[in-house]
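In what follows, a single structure is set out as structure tokens and then discussed.
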Amino acid sequence: MKKKITLILSLVILTFAFLGCKKEEGEKLYVYNWGEYIDPEVLDLFEEETGIDVVYDEFEQNEEMYPKIKADAVQYDVVCPSDYMIQKMIGEGLLAEINFDNVPNIKYIAPEMMESSKTFDAENKYSVPYMWGTLGILYNKTMVDEPIDSWSALFDEKYEGNILMIDSVRDAFGIALEYLGYDLNSVNEAELDEAKALLQKQYPLVQAYVVDQVRDKMIGGEAALGVIYSGEAIYTKRENPDLEYVVPKEGSNQWIDSWVIPKNARNKENAEAFINFLCDPDIALMNFEYITYSTPNEAAREMIEDEDIKNSPVAFPDQTTLDRCTPYQYLGEEIESLYIEKWNDVKSNVE
Amino acid sequence: MKVPLNVKNKMFQKPAKDSDKEFKIGRVNQVKLLSFPYIIWMVGFIIIPLLMILYYGLTDRDNNLTFKNIALISDPINRKALLLALELSLISTIICLLLAYPLAMVLRKNHKTSNSFIVLIIILPMWMNFLLRTIAWQNILEKTGIINSILQFFHLPTLNIINTSAAIILGMVYNFLPFMVLPIYNVLVKVDKDVINAARDLGANGRQTFLKIILPLSIPGVVSGITMVFVPSLTTFVISTILGGSKIVLIGNVIEQQFRLGNWNTGSGLSLVLMVFILFSMAILSKYDKESEGSNLW
């Protein structure tokens with residue numbers, strides 16, 4: 001009896017040992033990206049072309065991605081955070097410098113985008129822009145009385161139950177601060193309290209706090225107004241022609257999501273190959289057409305066939321709109337937790 | 001655990017002979033061996049994680065001993081979330097009980113006829129993923145959802161319960177109702193007809209038979225039903241996120257957010273508080289469940 005069991009046990013152990021060995025074969029790349037932020041076919045093409053096996057994970061908020069990179073629990077090789085988060089990660093020494101000899105396609109990225117990137121990556125050493133855009137209001141023309149051009153609509157009682165607010169701390173406070181006429185990178189606690197009071201007054205008017213769900217809800221006519229990133233606007237309008245996107249007159253946020261490589265990435269060269277692949281104009285165009293977020297890739301933009309989209313003020317806003325928009329800055333750990341604390345108060349509806 | 005009981009019975013019934021003794025020892029070892037995978041499972045996936053939660057809950061980021069994480073429950077946000085979660089899960093447990101008990105009684109009565117069909121109907125939704133069913137409820141309840149489209153078609157007033165506590169309670173009742181029906185039903189079918197007939201023979205009317213015979217005998221089923229509904233309702237964060245539109249924050253959401261933002265210590269501390277509430281409610285329940293050893297199927 002005992003012998004049999006020993007035999008079985010050793011067989012089991014051996015099987016596991018062999019399974020363990022198998023994993024070592026082949027090149028790997030661990031990618032960590034925003035949800036619905038790449039054409040899945042692009043990943044297939046990359047695997048086909050390079051023979052590198054891609055393991056792909058998604059996140060919904062910068063604040064959710066950061067602790068995983070910081071704790072180094074999952075070893076991602078290439079990640080796509082937003083501007084202010086990249087600034088924070090550079091400051092904490094979490095990122096590796098990219099070897100641009102391996103990323104020759106960087107030449108296709110618009111120079112003004114590289115310039116804008118300097119607000120968070122001063123020497124353009126750590127990041128390669130992937131997508132960019134603005135934050136604004138998507139509204140349903142059939143459900144509002146007047147054309148929307150101000151954040152004030154989000155705080156207007158007549159739209160009670162018809163507002164989809166964004167469930168993201170910096171964006172929510174950014175909106176409130178801009179509406180009050182303050183800087184969206186405010187570190188003044190009195191201003192933040194004022195913003196919090198405004199958001200608390202908004203709470204009863206809000207139908208739901210959402211991020212990715214806003215798209216389908218707006219297409220379905222579930223609400224009159226929704227806070228949304230500009231990249232979703234083209235897609236939603238295609239699905240429901242009544243929807244219109246606007247960057248409010250008080251000003252808003254202009255953001256850039258860029259690829260970065262964590263310091264202890266195991267497959268750094270594969271990561272650079274991946275970034276280079278994404279900067280290829282054909283691939284960038286594929287991605288643009290699939291996710292409809294504004295591409296920083298000049299060559300790809302030139303290749304867009306549909307003139308309306310190529311010159312769309314939503315996807316590629318003019319300078320006067322951009323002048324109203326400010327990028328987020330990283331504000332330090334203390335202020336950041338102040339923001340989070342106040343945002344939790346708002347959502348839990350407590351004083 | 002039927003096997004060990006049989007072994008025990010045999011040990012008690014048969015007079016011991018030498019050859020028998022050896023045989024028995026072999027059997028006992030075999031039984032111990034059979035429970036071995038479960039013990040490994042329990043240690044690896046229940047005991048060790050619990051100890052880790054205990055460790056994280058009682059330390060801060062620099063691994064110093066602290067009770068701060070547990071004290072955080074008195075923070076207004078967390079306290080409100082806990083009270084709200086207790087309230088909503090209590091309401092949905094009561095609703096489940098009120099719905100499930102009569103149903104189980106009906107099932108007991110038609111024991112031989114259409115019974116298995118009804119049980120199938122109750123279990124059938126559980127073949128689908130829990131998350132999908134909850135998202136389906138979102139589509140049903142939405143402002144432009146199925147119910148409201150039908151109501152609008154007949155020019156009736158619309159139903160606006162999505163993103164409120166009512167929608168969350170509905171989601172809890174819908175998802176956990178089978179866990180209340182099945183244990184009660186399982187206990188009720190085992191109540192011997194002769195016991196009831198004896199009561200009737202001795203002059204008890206229908207009400208008395210129910211109150212003095214059926215109800216006390218069904219308590220073990222009710223107790224496990226309550227546990228099976230109350231505990232997952234208290235800790236849920238998925239139902240409140242999907243049907244509450246992130247506007248209603250339950251303690252499960254608070255804990256989930258803490259873990260998602262990387263505050264393992266705070267999340268664990270709050271989990272420990274929640275565990276106290278769960279153990280407390282189970283202790284109360286087990287008082288009513290003393291005589292029911294073995295009949296408790298869940």
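Please note that chains go A, B, ... in the order of the structure tokens, that every chain numbers its residues from 1, and that ligands are numbered from 1 in the order shown.
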
Could you build a table of the residues in chain B lying no more than 12 Å from chain A, giving for each the nearest pair of atoms and their separation in Å rounded to one decimal place, using only C-alpha atoms, ordered by chain and ascending residue number, as JSON lines?
{"residue": "B:Gly26", "atom": "CA", "partner": "A:Met1", "partner_atom": "CA", "distance": 10.0}
{"residue": "B:Arg27", "atom": "CA", "partner": "A:Met1", "partner_atom": "CA", "distance": 12.0}
{"residue": "B:Asn29", "atom": "CA", "partner": "A:Met1", "partner_atom": "CA", "distance": 10.8}
{"residue": "B:Gln30", "atom": "CA", "partner": "A:Met1", "partner_atom": "CA", "distance": 9.6}
{"residue": "B:Leu33", "atom": "CA", "partner": "A:Ile5", "partner_atom": "CA", "distance": 9.9}
{"residue": "B:Leu34", "atom": "CA", "partner": "A:Ile5", "partner_atom": "CA", "distance": 11.8}
{"residue": "B:Pro37", "atom": "CA", "partner": "A:Leu9", "partner_atom": "CA", "distance": 12.0}
{"residue": "B:Arg61", "atom": "CA", "partner": "A:Ala71", "partner_atom": "CA", "distance": 11.9}
{"residue": "B:Asp75", "atom": "CA", "partner": "A:Val350", "partner_atom": "CA", "distance": 10.5}
{"residue": "B:Pro76", "atom": "CA", "partner": "A:Val350", "partner_atom": "CA", "distance": 7.1}
{"residue": "B:Ile77", "atom": "CA", "partner": "A:Ser348", "partner_atom": "CA", "distance": 6.2}
{"residue": "B:Asn78", "atom": "CA", "partner": "A:Ser348", "partner_atom": "CA", "distance": 8.9}
{"residue": "B:Arg79", "atom": "CA", "partner": "A:Val350", "partner_atom": "CA", "distance": 10.4}
{"residue": "B:Lys80", "atom": "CA", "partner": "A:Ser348", "partner_atom": "CA", "distance": 8.0}
{"residue": "B:Ala81", "atom": "CA", "partner": "A:Ser348", "partner_atom": "CA", "distance": 7.7}
{"residue": "B:Leu82", "atom": "CA", "partner": "A:Ser348", "partner_atom": "CA", "distance": 11.5}
{"residue": "B:Leu84", "atom": "CA", "partner": "A:Ser348", "partner_atom": "CA", "distance": 10.7}
{"residue": "B:Ile135", "atom": "CA", "partner": "A:Gln213", "partner_atom": "CA", "distance": 11.6}
{"residue": "B:Gln138", "atom": "CA", "partner": "A:Lys217", "partner_atom": "CA", "distance": 10.9}
{"residue": "B:Asn139", "atom": "CA", "partner": "A:Lys217", "partner_atom": "CA", "distance": 10.0}
{"residue": "B:Leu141", "atom": "CA", "partner": "A:Glu222", "partner_atom": "CA", "distance": 11.2}
{"residue": "B:Glu142", "atom": "CA", "partner": "A:Glu222", "partner_atom": "CA", "distance": 7.4}
{"residue": "B:Lys143", "atom": "CA", "partner": "A:Glu222", "partner_atom": "CA", "distance": 6.0}
{"residue": "B:Thr144", "atom": "CA", "partner": "A:Glu222", "partner_atom": "CA", "distance": 5.9}
{"residue": "B:Gly145", "atom": "CA", "partner": "A:Glu222", "partner_atom": "CA", "distance": 8.6}
{"residue": "B:Asn148", "atom": "CA", "partner": "A:Glu222", "partner_atom": "CA", "distance": 11.5}
{"residue": "B:Ser149", "atom": "CA", "partner": "A:Glu222", "partner_atom": "CA", "distance": 12.0}
{"residue": "B:Asn160", "atom": "CA", "partner": "A:Gly161", "partner_atom": "CA", "distance": 9.7}
{"residue": "B:Ile161", "atom": "CA", "partner": "A:Gln207", "partner_atom": "CA", "distance": 10.8}
{"residue": "B:Ile162", "atom": "CA", "partner": "A:Gln207", "partner_atom": "CA", "distance": 8.7}
{"residue": "B:Asn163", "atom": "CA", "partner": "A:Ala208", "partner_atom": "CA", "distance": 6.7}
{"residue": "B:Thr164", "atom": "CA", "partner": "A:Gln207", "partner_atom": "CA", "distance": 9.5}
{"residue": "B:Ser240", "atom": "CA", "partner": "A:Ala208", "partner_atom": "CA", "distance": 11.6}
{"residue": "B:Thr241", "atom": "CA", "partner": "A:Tyr209", "partner_atom": "CA", "distance": 9.5}
{"residue": "B:Ile242", "atom": "CA", "partner": "A:Ala208", "partner_atom": "CA", "distance": 9.8}
{"residue": "B:Leu243", "atom": "CA", "partner": "A:Ala208", "partner_atom": "CA", "distance": 9.6}
{"residue": "B:Gly244", "atom": "CA", "partner": "A:Ala208", "partner_atom": "CA", "distance": 7.6}
{"residue": "B:Gly245", "atom": "CA", "partner": "A:Ala208", "partner_atom": "CA", "distance": 4.4}
{"residue": "B:Ser246", "atom": "CA", "partner": "A:Tyr209", "partner_atom": "CA", "distance": 5.4}
{"residue": "B:Lys247", "atom": "CA", "partner": "A:Ala208", "partner_atom": "CA", "distance": 6.0}
{"residue": "B:Ile248", "atom": "CA", "partner": "A:Ser348", "partner_atom": "CA", "distance": 6.7}
{"residue": "B:Val249", "atom": "CA", "partner": "A:Ser348", "partner_atom": "CA", "distance": 5.7}
{"residue": "B:Leu250", "atom": "CA", "partner": "A:Ser348", "partner_atom": "CA", "distance": 8.8}
{"residue": "B:Ile251", "atom": "CA", "partner": "A:Ser348", "partner_atom": "CA", "distance": 10.6}
{"residue": "B:Asn253", "atom": "CA", "partner": "A:Ser348", "partner_atom": "CA", "distance": 10.4}
{"residue": "B:Val254", "atom": "CA", "partner": "A:Asn344", "partner_atom": "CA", "distance": 9.2}
{"residue": "B:Glu256", "atom": "CA", "partner": "A:Glu64", "partner_atom": "CA", "distance": 11.2}
{"residue": "B:Gln257", "atom": "CA", "partner": "A:Glu64", "partner_atom": "CA", "distance": 9.0}
{"residue": "B:Gln258", "atom": "CA", "partner": "A:Glu64", "partner_atom": "CA", "distance": 10.0}
{"residue": "B:Phe259", "atom": "CA", "partner": "A:Glu64", "partner_atom": "CA", "distance": 9.2}
{"residue": "B:Arg260", "atom": "CA", "partner": "A:Glu64", "partner_atom": "CA", "distance": 5.7}
{"residue": "B:Leu261", "atom": "CA", "partner": "A:Glu64", "partner_atom": "CA", "distance": 5.4}
{"residue": "B:Gly262", "atom": "CA", "partner": "A:Pro67", "partner_atom": "CA", "distance": 5.1}
{"residue": "B:Asn263", "atom": "CA", "partner": "A:Pro67", "partner_atom": "CA", "distance": 8.6}
{"residue": "B:Trp264", "atom": "CA", "partner": "A:Pro67", "partner_atom": "CA", "distance": 10.2}

Using DSSP secondary structure from the backbone, list all alpha helix (DSSP H) positions within stretch 72-280 of chain B, as a PyMOL selection string. chain B and resi 76-109+115-123+130-141+146-153+165-189+193-201+206-209+215-235+238-244+251-260+264-280

C-alpha atoms of the current selection, written as a compact mmCIF listing (two decimals), in the first residue's frame:
# COMPACT_ATOMS: atom_id res chain seq x y z
CA PRO B 76 -17.34 57.64 9.20
CA ILE B 77 -17.04 56.18 5.68
CA ASN B 78 -16.24 52.68 6.88
CA ARG B 79 -18.80 52.73 9.66
CA LYS B 80 -21.51 53.84 7.28
CA ALA B 81 -20.51 51.19 4.76
CA LEU B 82 -20.58 48.46 7.41
CA LEU B 83 -23.96 49.51 8.82
CA LEU B 84 -25.44 49.76 5.34
CA ALA B 85 -24.07 46.33 4.41
CA LEU B 86 -25.52 44.84 7.60
CA GLU B 87 -28.87 46.47 6.92
CA LEU B 88 -29.10 45.39 3.28
CA SER B 89 -27.94 41.83 3.91
CA LEU B 90 -30.34 41.46 6.83
CA ILE B 91 -33.25 42.67 4.70
CA SER B 92 -32.37 40.36 1.84
CA THR B 93 -31.94 37.40 4.21
CA ILE B 94 -35.41 38.00 5.64
CA ILE B 95 -36.94 38.36 2.18
CA CYS B 96 -35.20 35.16 1.07
CA LEU B 97 -36.53 33.32 4.11
CA LEU B 98 -40.08 34.56 3.56
CA LEU B 99 -39.94 33.49 -0.08
CA ALA B 100 -38.12 30.22 0.42
CA TYR B 101 -39.99 28.66 3.33
CA PRO B 102 -43.44 28.53 1.73
CA LEU B 103 -41.84 27.31 -1.49
CA ALA B 104 -40.05 24.53 0.35
CA MET B 105 -43.35 23.57 2.03
CA VAL B 106 -45.05 23.35 -1.35
CA LEU B 107 -42.19 21.27 -2.69
CA ARG B 108 -42.49 18.90 0.28
CA LYS B 109 -46.21 18.41 -0.36
CA ASN B 115 -41.10 18.20 -7.60
CA SER B 116 -37.82 17.55 -9.35
CA PHE B 117 -38.90 19.86 -12.12
CA ILE B 118 -39.37 22.75 -9.70
CA VAL B 119 -36.04 22.05 -8.06
CA LEU B 120 -34.47 22.09 -11.51
CA ILE B 121 -36.07 25.47 -12.19
CA ILE B 122 -34.54 26.80 -8.99
CA ILE B 123 -31.09 25.45 -9.77
CA PHE B 130 -23.19 34.88 -11.32
CA LEU B 131 -21.62 37.99 -12.85
CA LEU B 132 -23.53 37.62 -16.10
CA ARG B 133 -26.81 37.24 -14.27
CA THR B 134 -26.14 40.39 -12.28
CA ILE B 135 -25.24 42.35 -15.42
CA ALA B 136 -28.44 41.04 -16.97
CA TRP B 137 -30.36 42.57 -14.06
CA GLN B 138 -28.68 45.86 -14.80
CA ASN B 139 -30.05 45.72 -18.35
CA ILE B 140 -33.48 44.73 -17.09
CA LEU B 141 -33.73 47.51 -14.51
CA ILE B 146 -36.56 45.89 -20.51
CA ILE B 147 -39.02 46.55 -17.69
CA ASN B 148 -39.23 50.25 -18.40
CA SER B 149 -39.61 49.72 -22.15
CA ILE B 150 -42.61 47.51 -21.50
CA LEU B 151 -44.08 49.93 -18.96
CA GLN B 152 -43.58 52.82 -21.36
CA PHE B 153 -45.25 50.91 -24.15
CA SER B 165 -30.41 50.15 -2.34
CA ALA B 166 -33.56 48.47 -3.62
CA ALA B 167 -31.74 47.24 -6.73
CA ILE B 168 -28.93 45.85 -4.59
CA ILE B 169 -31.39 43.99 -2.35
CA LEU B 170 -33.08 42.61 -5.45
CA GLY B 171 -29.73 41.42 -6.75
CA MET B 172 -28.89 39.76 -3.45
CA VAL B 173 -32.26 38.02 -3.15
CA TYR B 174 -32.13 36.83 -6.73
CA ASN B 175 -28.59 35.51 -6.51
CA PHE B 176 -28.81 33.85 -3.11
CA LEU B 177 -32.40 32.56 -3.01
CA PRO B 178 -31.49 29.00 -4.10
CA PHE B 179 -29.11 28.79 -1.14
CA MET B 180 -32.08 29.36 1.14
CA VAL B 181 -34.58 27.09 -0.64
CA LEU B 182 -32.42 24.01 -0.98
CA PRO B 183 -31.33 23.48 2.65
CA ILE B 184 -34.87 24.11 3.95
CA TYR B 185 -36.30 21.75 1.34
CA ASN B 186 -33.71 19.10 2.15
CA VAL B 187 -34.62 19.19 5.82
CA LEU B 188 -38.37 19.29 5.22
CA VAL B 189 -38.48 16.22 2.95
CA LYS B 193 -44.85 11.62 7.54
CA ASP B 194 -45.65 9.39 10.52
CA VAL B 195 -44.55 12.11 12.95
CA ILE B 196 -47.00 14.51 11.39
CA ASN B 197 -49.77 11.92 11.26
CA ALA B 198 -49.16 11.13 14.91
CA ALA B 199 -49.55 14.79 15.77
CA ARG B 200 -52.81 14.95 13.85
CA ASP B 201 -54.02 11.75 15.55
CA GLY B 206 -52.79 22.34 11.11
CA ARG B 207 -51.37 25.39 12.81
CA GLN B 208 -50.22 23.46 15.85
CA THR B 209 -48.66 20.74 13.73
CA LEU B 215 -41.02 24.29 12.21
CA PRO B 216 -38.77 23.00 15.01
CA LEU B 217 -37.65 20.09 12.87
CA SER B 218 -36.78 22.42 9.99
CA ILE B 219 -34.64 24.79 12.06
CA PRO B 220 -31.31 23.26 10.96
CA GLY B 221 -32.22 23.94 7.33
CA VAL B 222 -33.30 27.47 8.14
CA VAL B 223 -30.08 28.11 10.01
CA SER B 224 -27.82 26.94 7.23
CA GLY B 225 -30.01 28.82 4.75
CA ILE B 226 -29.61 32.03 6.71
CA THR B 227 -25.84 31.57 6.91
CA MET B 228 -25.60 30.79 3.21
CA VAL B 229 -27.48 33.99 2.33
CA PHE B 230 -26.34 36.40 5.01
CA VAL B 231 -22.58 35.88 4.77
CA PRO B 232 -22.18 36.36 1.00
CA SER B 233 -24.63 39.29 1.06
CA LEU B 234 -22.65 41.01 3.80
CA THR B 235 -19.36 40.73 1.96
CA VAL B 238 -19.89 42.96 -7.15
CA ILE B 239 -23.65 43.31 -6.76
CA SER B 240 -23.34 46.77 -5.22
CA THR B 241 -20.98 47.95 -7.94
CA ILE B 242 -23.09 46.69 -10.83
CA LEU B 243 -26.57 47.44 -9.53
CA GLY B 244 -25.61 50.40 -7.33
CA ILE B 251 -18.07 47.42 3.36
CA GLY B 252 -17.15 44.91 0.65
CA ASN B 253 -16.51 47.79 -1.76
CA VAL B 254 -14.36 49.60 0.79
CA ILE B 255 -12.22 46.52 1.36
CA GLU B 256 -11.94 45.78 -2.35
CA GLN B 257 -10.86 49.34 -3.05
CA GLN B 258 -8.22 49.21 -0.31
CA PHE B 259 -6.73 46.07 -1.83
CA ARG B 260 -6.92 47.48 -5.33
CA TRP B 264 -3.24 45.52 2.04
CA ASN B 265 -2.92 46.37 5.72
CA THR B 266 -6.05 48.51 5.88
CA GLY B 267 -8.00 46.06 3.75
CA SER B 268 -7.00 43.15 5.98
CA GLY B 269 -7.80 45.07 9.16
CA LEU B 270 -11.31 45.85 7.92
CA SER B 271 -11.73 42.23 6.79
CA LEU B 272 -10.92 41.12 10.33
CA VAL B 273 -13.67 43.36 11.69
CA LEU B 274 -16.09 41.93 9.15
CA MET B 275 -15.03 38.41 10.10
CA VAL B 276 -15.91 39.16 13.72
CA PHE B 277 -19.43 40.07 12.64
CA ILE B 278 -19.73 36.90 10.60
CA LEU B 279 -18.41 34.66 13.39
CA PHE B 280 -20.72 36.40 15.85

Enumerate, as a PyMOL selection string, the complete set of residues in stretch 166-330 of chain A that a backbone-based DSSP assignment places in strand (DSSP E). chain A and resi 166+206-210+225-229+243-246+252-262+325-326

Please list as a list in words every residue within 9 Å of stretch 106-114 of chain A, counting only C-alpha atoms and excluding residues in the same chain fewer than 3 positions away. Phe100, Val103, Ser117, Lys118, Asn124, Val128, Pro129, Trp132, Ile256, Ile275, Asn276, Cys279, Asp280, Pro281, Thr295, Pro296, Asn297, Glu298, Ala299 and Ala300 of chain A

Write out, as an mmCIF file, in the first residue's frame, the residues just selected, with C-alpha atoms.
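As a result, part_1.cif now contains:
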data_model
loop_
_atom_site.group_PDB
_atom_site.id
_atom_site.type_symbol
_atom_site.label_atom_id
_atom_site.label_comp_id
_atom_site.auth_asym_id
_atom_site.auth_seq_id
_atom_site.Cartn_x
_atom_site.Cartn_y
_atom_site.Cartn_z
ATOM 1 C CA PHE A 100 15.976 54.406 -28.415
ATOM 2 C CA VAL A 103 12.923 52.128 -31.200
ATOM 3 C CA SER A 117 5.665 64.803 -22.915
ATOM 4 C CA LYS A 118 8.408 66.885 -21.344
ATOM 5 C CA ASN A 124 12.016 62.170 -23.152
ATOM 6 C CA VAL A 128 6.910 56.859 -25.787
ATOM 7 C CA PRO A 129 3.471 58.465 -26.429
ATOM 8 C CA TRP A 132 -3.661 61.280 -26.253
ATOM 9 C CA ILE A 256 -1.095 61.549 -22.840
ATOM 10 C CA ILE A 275 7.022 49.786 -28.467
ATOM 11 C CA ASN A 276 8.781 50.087 -31.811
ATOM 12 C CA CYS A 279 5.036 53.173 -33.493
ATOM 13 C CA ASP A 280 4.977 51.672 -36.967
ATOM 14 C CA PRO A 281 2.528 53.884 -38.935
ATOM 15 C CA THR A 295 -2.838 58.939 -32.215
ATOM 16 C CA PRO A 296 0.362 60.955 -31.755
ATOM 17 C CA ASN A 297 1.734 59.168 -34.820
ATOM 18 C CA GLU A 298 1.953 61.790 -37.616
ATOM 19 C CA ALA A 299 2.513 59.300 -40.392
ATOM 20 C CA ALA A 300 -0.485 57.266 -39.282
#

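Here atom CA of A:Tyr293 is placed at a distance of 19.8 Å from atom CA of A:Thr320.
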
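Atom to atom, atom CA of A:Lys28 and atom CA of A:Arg266 stand 9.1 Å apart.
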
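Taking atom CA of A:Val42 and atom CA of A:Asn287 as endpoints, the distance between them is 7.4 Å.
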